[in-house]
>>> print(open('final09.cif').read())   # mmCIF, C-alpha atoms
data_work
loop_
_atom_site.label_atom_id
_atom_site.label_comp_id
_atom_site.auth_asym_id
_atom_site.auth_seq_id
_atom_site.Cartn_x
_atom_site.Cartn_y
_atom_site.Cartn_z
CA MET B 23 6.16 -8.19 47.33
CA ILE B 24 2.95 -7.46 45.40
CA PRO B 25 4.65 -7.63 41.97
CA ILE B 26 6.34 -10.89 42.99
CA ALA B 27 2.97 -12.30 44.10
CA LEU B 28 1.44 -11.26 40.77
CA CYS B 29 4.29 -13.00 38.93
CA SER B 30 3.62 -16.09 41.01
CA VAL B 31 -0.08 -16.15 40.11
CA LEU B 32 0.67 -15.52 36.43
CA MET B 33 3.31 -18.29 36.42
CA LEU B 34 0.89 -20.81 37.92
CA GLY B 35 -1.83 -19.85 35.44
CA LEU B 36 0.53 -20.13 32.47
CA ALA B 37 1.84 -23.50 33.67
CA ALA B 38 -1.69 -24.87 34.07
CA GLU B 39 -2.64 -23.58 30.62
CA ARG B 40 0.45 -25.15 29.01
CA PHE B 41 -0.16 -28.49 30.73
CA ALA B 42 -3.68 -28.50 29.28
CA ARG B 43 -2.79 -27.26 25.78
CA LEU B 44 0.40 -29.24 25.18
CA ARG B 45 -1.18 -32.63 25.57
CA ARG B 46 -0.38 -34.94 22.69
CA SER B 47 -4.08 -35.58 22.09
CA ARG B 48 -4.61 -31.86 21.33
CA ILE B 49 -1.54 -31.45 19.13
CA ILE B 50 -1.63 -34.83 17.34
CA PRO B 51 -5.15 -36.29 17.67
CA GLN B 52 -5.15 -40.06 17.39
CA ALA B 53 -8.45 -40.08 15.44
CA PHE B 54 -6.82 -37.78 12.86
CA LEU B 55 -3.85 -40.15 12.54
CA ASP B 56 -6.12 -43.18 12.23
CA GLU B 57 -8.17 -41.65 9.41
CA LEU B 58 -5.05 -40.33 7.69
CA GLN B 59 -3.51 -43.81 7.85
CA VAL B 60 -6.54 -45.25 6.04
CA MET B 61 -6.47 -42.48 3.40
CA SER B 62 -2.75 -42.84 2.74
CA GLY B 63 -2.89 -46.53 1.86
CA GLY B 64 -2.58 -46.00 -1.89
CA PRO B 65 0.20 -44.53 -4.04
CA LYS B 66 -1.51 -41.11 -4.21
CA LEU B 67 -3.47 -39.13 -1.66
CA ASP B 68 -6.96 -37.87 -2.35
CA THR B 69 -6.21 -34.25 -1.53
CA GLU B 70 -9.89 -33.29 -1.20
CA ARG B 71 -10.60 -35.99 1.39
CA VAL B 72 -7.38 -35.21 3.27
CA GLY B 73 -8.23 -31.49 3.15
CA ALA B 74 -11.67 -32.21 4.60
CA LEU B 75 -10.00 -34.28 7.33
CA CYS B 76 -7.65 -31.38 8.14
CA ASN B 77 -10.62 -29.01 8.35
CA ARG B 78 -12.40 -31.34 10.77
CA PHE B 79 -9.40 -31.60 13.10
CA ARG B 80 -8.15 -28.13 14.00
CA SER B 81 -4.72 -29.05 15.34
CA PRO B 82 -1.08 -28.20 14.60
CA ILE B 83 -0.49 -31.44 12.68
CA ALA B 84 -3.57 -30.75 10.53
CA ASN B 85 -2.28 -27.21 9.88
CA MET B 86 1.07 -28.59 8.76
CA LEU B 87 -0.58 -31.12 6.45
CA ARG B 88 -2.91 -28.41 5.09
CA ALA B 89 0.17 -26.37 4.14
CA ALA B 90 1.55 -29.39 2.27
CA LEU B 91 -1.79 -29.92 0.50
CA ALA B 92 -1.66 -26.34 -0.77
CA ARG B 93 1.51 -27.33 -2.67
CA ALA B 94 0.21 -30.73 -3.89
CA GLY B 95 1.37 -31.59 -7.38
CA ARG B 96 4.48 -29.43 -7.12
CA PRO B 97 8.09 -30.57 -6.68
CA LEU B 98 9.06 -32.39 -3.49
CA SER B 99 11.25 -29.50 -2.28
CA GLU B 100 8.31 -27.05 -2.39
CA ILE B 101 6.13 -29.38 -0.33
CA GLU B 102 8.91 -29.91 2.21
CA LYS B 103 9.41 -26.15 2.45
CA ALA B 104 5.67 -25.62 3.00
CA ILE B 105 5.70 -28.11 5.87
CA GLU B 106 8.81 -26.49 7.38
CA ASP B 107 7.22 -23.05 7.20
CA ALA B 108 4.02 -24.34 8.78
CA ALA B 109 6.05 -26.03 11.53
CA VAL B 110 7.79 -22.74 12.31
CA ARG B 111 4.40 -21.00 12.58
CA GLU B 112 3.06 -23.74 14.85
CA VAL B 113 6.15 -23.59 17.08
CA GLY B 114 5.65 -19.84 17.40
CA LYS B 115 2.04 -20.30 18.48
CA LEU B 116 2.86 -23.06 20.94
CA GLN B 117 5.78 -21.18 22.49
CA MET B 118 4.17 -17.77 22.94
CA PRO B 119 3.01 -18.45 26.54
CA ILE B 120 6.38 -20.05 27.29
CA ARG B 121 8.06 -16.71 26.57
CA TRP B 122 6.05 -15.24 29.43
CA LEU B 123 7.41 -17.95 31.74
CA HIS B 124 10.94 -16.94 30.72
CA PHE B 125 10.04 -13.31 31.41
CA ILE B 126 8.77 -14.18 34.89
CA ALA B 127 11.89 -16.26 35.57
CA ASN B 128 14.05 -13.27 34.66
CA VAL B 129 12.11 -10.47 36.34
CA SER B 130 11.24 -12.17 39.67
CA PRO B 131 14.81 -12.23 41.04
CA LEU B 132 15.22 -8.60 39.95
CA LEU B 133 12.08 -7.66 41.85
CA GLY B 134 13.50 -9.53 44.84
CA LEU B 135 16.76 -7.65 44.48
CA LEU B 136 14.84 -4.38 44.33
CA GLY B 137 13.14 -5.33 47.59
CA THR B 138 16.56 -6.16 49.06
CA VAL B 139 17.92 -2.76 48.20
CA GLN B 140 14.79 -1.08 49.52
CA GLY B 141 15.01 -3.05 52.77
CA MET B 142 18.65 -2.16 53.26
CA ILE B 143 17.96 1.53 52.58
CA LEU B 144 15.13 1.49 55.11
CA ALA B 145 17.33 -0.30 57.64
CA PHE B 146 20.04 2.34 57.34
CA ILE B 147 17.53 5.22 57.44
CA VAL B 148 16.00 3.86 60.63
CA THR B 149 19.43 3.19 62.12
CA SER B 150 20.63 6.69 61.28
CA GLN B 151 17.57 8.21 62.95
CA ALA B 152 17.30 5.93 65.98
CA GLY B 153 20.99 5.35 66.60
CA LEU B 154 23.04 2.17 66.70
CA GLY B 155 21.55 1.02 70.00
CA LYS B 156 18.32 -0.11 68.24
CA ALA B 157 19.38 -3.40 66.67
CA GLU B 158 15.77 -4.60 66.33
CA LEU B 159 15.04 -1.75 63.90
CA LEU B 160 18.05 -2.71 61.78
CA ALA B 161 16.91 -6.33 61.88
CA GLN B 162 13.49 -5.40 60.48
CA GLY B 163 15.03 -3.87 57.38
CA ILE B 164 17.38 -6.80 56.87
CA TYR B 165 14.45 -9.19 57.35
CA MET B 166 12.48 -7.36 54.62
CA ALA B 167 15.51 -7.51 52.33
CA LEU B 168 15.95 -11.26 52.78
CA VAL B 169 12.26 -12.08 52.41
CA THR B 170 11.94 -10.25 49.09
CA THR B 171 15.07 -11.90 47.71
CA PHE B 172 13.79 -15.29 48.80
CA ALA B 173 10.33 -14.66 47.31
CA GLY B 174 11.81 -13.59 43.97
CA LEU B 175 13.89 -16.75 43.78
CA VAL B 176 10.98 -18.95 44.86
CA VAL B 177 8.97 -17.67 41.88
CA ALA B 178 11.86 -17.65 39.38
CA ASN B 179 13.02 -21.24 39.88
CA PRO B 180 9.74 -22.99 39.03
CA ALA B 181 9.04 -20.51 36.21
CA LEU B 182 12.36 -21.38 34.59
CA THR B 183 11.79 -25.09 35.16
CA PHE B 184 8.34 -24.91 33.56
CA ALA B 185 9.68 -22.87 30.63
CA HIS B 186 12.38 -25.44 29.87
CA TYR B 187 10.01 -28.37 30.29
CA PHE B 188 7.35 -26.90 27.99
CA GLY B 189 9.93 -25.75 25.44
CA GLY B 190 11.29 -29.29 25.24
CA ARG B 191 7.78 -30.67 24.97
CA VAL B 192 7.00 -28.38 22.02
CA HIS B 193 10.15 -29.47 20.21
CA ARG B 194 9.41 -33.16 20.80
CA LEU B 195 5.86 -32.76 19.48
CA ILE B 196 6.99 -30.85 16.39
CA HIS B 197 9.62 -33.51 15.70
CA GLU B 198 6.99 -36.24 16.06
CA MET B 199 4.63 -34.42 13.68
CA ASP B 200 7.42 -34.06 11.16
CA GLU B 201 8.16 -37.79 11.37
CA LEU B 202 4.48 -38.65 10.96
CA LEU B 203 4.06 -36.41 7.88
CA LEU B 204 7.30 -37.42 6.20
CA PRO B 205 5.79 -40.49 4.43
CA MET B 206 2.98 -38.32 2.98
CA ILE B 207 5.29 -35.91 1.14
CA PRO B 208 6.16 -38.15 -1.85
CA LYS B 209 2.47 -38.92 -2.36
CA LEU B 210 1.76 -35.22 -2.83
CA ALA B 211 4.70 -34.39 -5.14
CA SER B 212 4.46 -34.22 -8.91
#
>>> encode(input="final09.cif", output="structure tokens")
Amino acid sequence: MIPIALCSVLMLGLAAERFARLRRSRIIPQAFLDELQVMSGGPKLDTERVGALCNRFRSPIANMLRAALARAGRPLSEIEKAIEDAAVREVGKLQMPIRWLHFIANVSPLLGLLGTVQGMILAFIVTSQAGLGKAELLAQGIYMALVTTFAGLVVANPALTFAHYFGGRVHRLIHEMDELLLPMIPKLAS
């Protein structure tokens, strides 16, 4: 039960951290978008000003735009590739804690199953030593087996739910960033 309890605490901590870090305002700051909108009014972007803006706002969308700025003046396909590569890196960073939620969702039921097997072994050991007339001793082992299985499933279900929710949120945010940066690409190409 102790490993299942530790998984539970870790799952709750990871979920709280992901709720805080995957807010749109942290990934795509509105102030960054507002300033970028003003800077992108003309046919060309002032790469120095946009670079300074990206340095001021340390966020995934700024990192993606910074990658595009590094390829400014090159063909459109190179700039698009730079943004795609940066998006892959940002997805990796954003999903790292989500992998731990998947791990917890997978290992918790196995820990519960381990407790089930242990409980059944103990129940049969006690029964073999005390005889079949001691049903309460058998019931204790079965009780332990059921509680650990239940606890493992109670931890696994929310962990899996959180993992899927946060994974979907990351993909939606990356897609939104891609859509927001798409109009900038031609202004950076040669």
>>> resolve_selection(input="final09.cif", expression="the PyMOL selection byres ((chain B and resi 173-178) around 7)", output="PyMOL selection string")
chain B and resi 26+30+126-128+130-131+133-134+169-172+179-182
>>> write_last_selection(input="final09.cif", atoms="C-alpha atoms", output="mmCIF file, in the frame of the given file")
data_model
loop_
_atom_site.group_PDB
_atom_site.id
_atom_site.type_symbol
_atom_site.label_atom_id
_atom_site.label_comp_id
_atom_site.auth_asym_id
_atom_site.auth_seq_id
_atom_site.Cartn_x
_atom_site.Cartn_y
_atom_site.Cartn_z
ATOM 1 C CA ILE B 26 6.340 -10.890 42.990
ATOM 2 C CA SER B 30 3.620 -16.090 41.010
ATOM 3 C CA ILE B 126 8.770 -14.180 34.890
ATOM 4 C CA ALA B 127 11.890 -16.260 35.570
ATOM 5 C CA ASN B 128 14.050 -13.270 34.660
ATOM 6 C CA SER B 130 11.240 -12.170 39.670
ATOM 7 C CA PRO B 131 14.810 -12.230 41.040
ATOM 8 C CA LEU B 133 12.080 -7.660 41.850
ATOM 9 C CA GLY B 134 13.500 -9.530 44.840
ATOM 10 C CA VAL B 169 12.260 -12.080 52.410
ATOM 11 C CA THR B 170 11.940 -10.250 49.090
ATOM 12 C CA THR B 171 15.070 -11.900 47.710
ATOM 13 C CA PHE B 172 13.790 -15.290 48.800
ATOM 14 C CA ASN B 179 13.020 -21.240 39.880
ATOM 15 C CA PRO B 180 9.740 -22.990 39.030
ATOM 16 C CA ALA B 181 9.040 -20.510 36.210
ATOM 17 C CA LEU B 182 12.360 -21.380 34.590
#
>>> resolve_selection(input="final09.cif", expression="the PyMOL selection byres ((chain B and resi 196) around 12)", output="MDAnalysis selection string")
chainID B and resid 44 46 49:50 81:83 85:86 105:106 108:117 189:195 197:203
>>> axis_aligned_box(input="final09.cif", around="region 196-205 of chain B", padding_each_side="3 Å", output="lines of an AutoDock Vina configuration file")
center_x = 6.8
center_y = -35.7
center_z = 10.4
size_x = 11.6
size_y = 15.6
size_z = 18.0
>>> closest_residue(input="final09.cif", among="B:Gln52, B:Cys29, B:Arg45, B:Gly95", to="Leu67 (chain B)", atoms="all atoms listed in the file")
B:Gly95
>>> atom_distance(input="final09.cif", atom1="CA of Pro65 (chain B)", atom2="CA of Leu91 (chain B)")
15.4 Å
>>> residues_around(input="final09.cif", residues="Val139 (chain B)", least_positions_apart="4", cutoff="12 Å", atoms="all atoms listed in the file", output="PyMOL selection string")
chain B and resi 132-135+143-146+163-171
>>> closest_residue(input="final09.cif", among="B:Glu100, B:Ile120, B:Lys66, B:Gly35", to="Phe188 (chain B)", atoms="all atoms listed in the file")
B:Ile120
>>> closest_residue(input="final09.cif", among="B:Ala185, B:Arg48, B:Thr149, B:Ser62", to="Leu36 (chain B)", atoms="only C-alpha atoms")
B:Ala185
>>> residues_around(input="final09.cif", residues="Ala74 (chain B)", least_positions_apart="4", cutoff="12 Å", atoms="all atoms listed in the file", output="JSON, numbers by chain")
{"B": [54, 57, 58, 61, 68, 69, 70, 78, 79, 80, 84, 85, 87, 88, 91]}
>>> residues_near_point(input="final09.cif", point="(7.3, -33.9, -2.7)", cutoff="10 Å", atoms="all atoms listed in the file", output="JSON, numbers by chain")
{"B": [90, 93, 94, 95, 96, 97, 98, 99, 100, 101, 102, 103, 204, 205, 206, 207, 208, 209, 210, 211, 212]}
>>> atom_distance(input="final09.cif", atom1="CA of Gly63 (chain B)", atom2="CA of Cys76 (chain B)")
17.1 Å
>>> atom_distance(input="final09.cif", atom1="CA of Thr183 (chain B)", atom2="CA of Ile24 (chain B)")
22.2 Å
>>> closest_residue(input="final09.cif", among="B:Val72, B:Leu55, B:Met33, B:Leu28", to="Trp122 (chain B)", atoms="all atoms listed in the file")
B:Met33
>>> build_atoms(input="final09.cif", residues="region 96-118 of chain B", atoms="N, CA, C and O atoms", output="PDB file, in the frame of the given file")
ATOM      1  N   ARG B  96       3.258 -30.191  -6.836  1.00  0.00           N
ATOM      2  CA  ARG B  96       4.480 -29.430  -7.120  1.00  0.00           C
ATOM      3  C   ARG B  96       5.691 -30.279  -6.735  1.00  0.00           C
ATOM      4  O   ARG B  96       5.553 -31.362  -6.175  1.00  0.00           O
ATOM      5  N   PRO B  97       6.889 -29.795  -7.022  1.00  0.00           N
ATOM      6  CA  PRO B  97       8.090 -30.570  -6.680  1.00  0.00           C
ATOM      7  C   PRO B  97       8.199 -30.846  -5.169  1.00  0.00           C
ATOM      8  O   PRO B  97       7.696 -30.084  -4.338  1.00  0.00           O
ATOM      9  N   LEU B  98       8.879 -31.925  -4.872  1.00  0.00           N
ATOM     10  CA  LEU B  98       9.060 -32.390  -3.490  1.00  0.00           C
ATOM     11  C   LEU B  98       9.639 -31.291  -2.595  1.00  0.00           C
ATOM     12  O   LEU B  98       9.200 -31.120  -1.452  1.00  0.00           O
ATOM     13  N   SER B  99      10.606 -30.540  -3.095  1.00  0.00           N
ATOM     14  CA  SER B  99      11.250 -29.500  -2.280  1.00  0.00           C
ATOM     15  C   SER B  99      10.264 -28.416  -1.866  1.00  0.00           C
ATOM     16  O   SER B  99      10.347 -27.889  -0.751  1.00  0.00           O
ATOM     17  N   GLU B 100       9.309 -28.076  -2.729  1.00  0.00           N
ATOM     18  CA  GLU B 100       8.310 -27.050  -2.390  1.00  0.00           C
ATOM     19  C   GLU B 100       7.376 -27.548  -1.289  1.00  0.00           C
ATOM     20  O   GLU B 100       6.996 -26.786  -0.396  1.00  0.00           O
ATOM     21  N   ILE B 101       7.015 -28.806  -1.353  1.00  0.00           N
ATOM     22  CA  ILE B 101       6.130 -29.380  -0.330  1.00  0.00           C
ATOM     23  C   ILE B 101       6.855 -29.443   1.004  1.00  0.00           C
ATOM     24  O   ILE B 101       6.295 -29.093   2.051  1.00  0.00           O
ATOM     25  N   GLU B 102       8.116 -29.867   0.977  1.00  0.00           N
ATOM     26  CA  GLU B 102       8.910 -29.910   2.210  1.00  0.00           C
ATOM     27  C   GLU B 102       9.044 -28.522   2.823  1.00  0.00           C
ATOM     28  O   GLU B 102       8.922 -28.354   4.039  1.00  0.00           O
ATOM     29  N   LYS B 103       9.274 -27.528   1.982  1.00  0.00           N
ATOM     30  CA  LYS B 103       9.410 -26.150   2.450  1.00  0.00           C
ATOM     31  C   LYS B 103       8.102 -25.658   3.064  1.00  0.00           C
ATOM     32  O   LYS B 103       8.099 -24.964   4.091  1.00  0.00           O
ATOM     33  N   ALA B 104       6.983 -26.021   2.462  1.00  0.00           N
ATOM     34  CA  ALA B 104       5.670 -25.620   3.000  1.00  0.00           C
ATOM     35  C   ALA B 104       5.452 -26.206   4.390  1.00  0.00           C
ATOM     36  O   ALA B 104       4.959 -25.521   5.298  1.00  0.00           O
ATOM     37  N   ILE B 105       5.840 -27.474   4.554  1.00  0.00           N
ATOM     38  CA  ILE B 105       5.700 -28.110   5.870  1.00  0.00           C
ATOM     39  C   ILE B 105       6.638 -27.453   6.882  1.00  0.00           C
ATOM     40  O   ILE B 105       6.249 -27.204   8.026  1.00  0.00           O
ATOM     41  N   GLU B 106       7.864 -27.159   6.477  1.00  0.00           N
ATOM     42  CA  GLU B 106       8.810 -26.490   7.380  1.00  0.00           C
ATOM     43  C   GLU B 106       8.284 -25.126   7.812  1.00  0.00           C
ATOM     44  O   GLU B 106       8.351 -24.780   8.996  1.00  0.00           O
ATOM     45  N   ASP B 107       7.765 -24.364   6.874  1.00  0.00           N
ATOM     46  CA  ASP B 107       7.220 -23.050   7.200  1.00  0.00           C
ATOM     47  C   ASP B 107       6.028 -23.160   8.153  1.00  0.00           C
ATOM     48  O   ASP B 107       5.897 -22.379   9.101  1.00  0.00           O
ATOM     49  N   ALA B 108       5.173 -24.129   7.895  1.00  0.00           N
ATOM     50  CA  ALA B 108       4.020 -24.340   8.780  1.00  0.00           C
ATOM     51  C   ALA B 108       4.478 -24.767  10.167  1.00  0.00           C
ATOM     52  O   ALA B 108       3.907 -24.335  11.177  1.00  0.00           O
ATOM     53  N   ALA B 109       5.519 -25.600  10.229  1.00  0.00           N
ATOM     54  CA  ALA B 109       6.050 -26.030  11.530  1.00  0.00           C
ATOM     55  C   ALA B 109       6.594 -24.841  12.313  1.00  0.00           C
ATOM     56  O   ALA B 109       6.375 -24.734  13.525  1.00  0.00           O
ATOM     57  N   VAL B 110       7.269 -23.934  11.636  1.00  0.00           N
ATOM     58  CA  VAL B 110       7.790 -22.740  12.310  1.00  0.00           C
ATOM     59  C   VAL B 110       6.640 -21.905  12.871  1.00  0.00           C
ATOM     60  O   VAL B 110       6.706 -21.403  13.999  1.00  0.00           O
ATOM     61  N   ARG B 111       5.569 -21.755  12.095  1.00  0.00           N
ATOM     62  CA  ARG B 111       4.400 -21.000  12.580  1.00  0.00           C
ATOM     63  C   ARG B 111       3.779 -21.686  13.794  1.00  0.00           C
ATOM     64  O   ARG B 111       3.406 -21.026  14.773  1.00  0.00           O
ATOM     65  N   GLU B 112       3.662 -23.006  13.734  1.00  0.00           N
ATOM     66  CA  GLU B 112       3.060 -23.740  14.850  1.00  0.00           C
ATOM     67  C   GLU B 112       3.936 -23.652  16.110  1.00  0.00           C
ATOM     68  O   GLU B 112       3.414 -23.507  17.208  1.00  0.00           O
ATOM     69  N   VAL B 113       5.245 -23.734  15.939  1.00  0.00           N
ATOM     70  CA  VAL B 113       6.150 -23.590  17.080  1.00  0.00           C
ATOM     71  C   VAL B 113       5.962 -22.215  17.718  1.00  0.00           C
ATOM     72  O   VAL B 113       5.901 -22.080  18.941  1.00  0.00           O
ATOM     73  N   GLY B 114       5.860 -21.188  16.883  1.00  0.00           N
ATOM     74  CA  GLY B 114       5.650 -19.840  17.400  1.00  0.00           C
ATOM     75  C   GLY B 114       4.380 -19.729  18.228  1.00  0.00           C
ATOM     76  O   GLY B 114       4.373 -19.125  19.297  1.00  0.00           O
ATOM     77  N   LYS B 115       3.298 -20.329  17.737  1.00  0.00           N
ATOM     78  CA  LYS B 115       2.040 -20.300  18.480  1.00  0.00           C
ATOM     79  C   LYS B 115       2.135 -21.057  19.799  1.00  0.00           C
ATOM     80  O   LYS B 115       1.627 -20.611  20.818  1.00  0.00           O
ATOM     81  N   LEU B 116       2.776 -22.223  19.741  1.00  0.00           N
ATOM     82  CA  LEU B 116       2.860 -23.060  20.940  1.00  0.00           C
ATOM     83  C   LEU B 116       3.808 -22.474  21.984  1.00  0.00           C
ATOM     84  O   LEU B 116       3.649 -22.722  23.173  1.00  0.00           O
ATOM     85  N   GLN B 117       4.796 -21.707  21.543  1.00  0.00           N
ATOM     86  CA  GLN B 117       5.780 -21.180  22.490  1.00  0.00           C
ATOM     87  C   GLN B 117       5.475 -19.790  23.019  1.00  0.00           C
ATOM     88  O   GLN B 117       6.161 -19.328  23.922  1.00  0.00           O
ATOM     89  N   MET B 118       4.464 -19.137  22.489  1.00  0.00           N
ATOM     90  CA  MET B 118       4.170 -17.770  22.940  1.00  0.00           C
ATOM     91  C   MET B 118       3.979 -17.705  24.463  1.00  0.00           C
ATOM     92  O   MET B 118       4.606 -16.873  25.118  1.00  0.00           O
TER      93      MET B 118
END
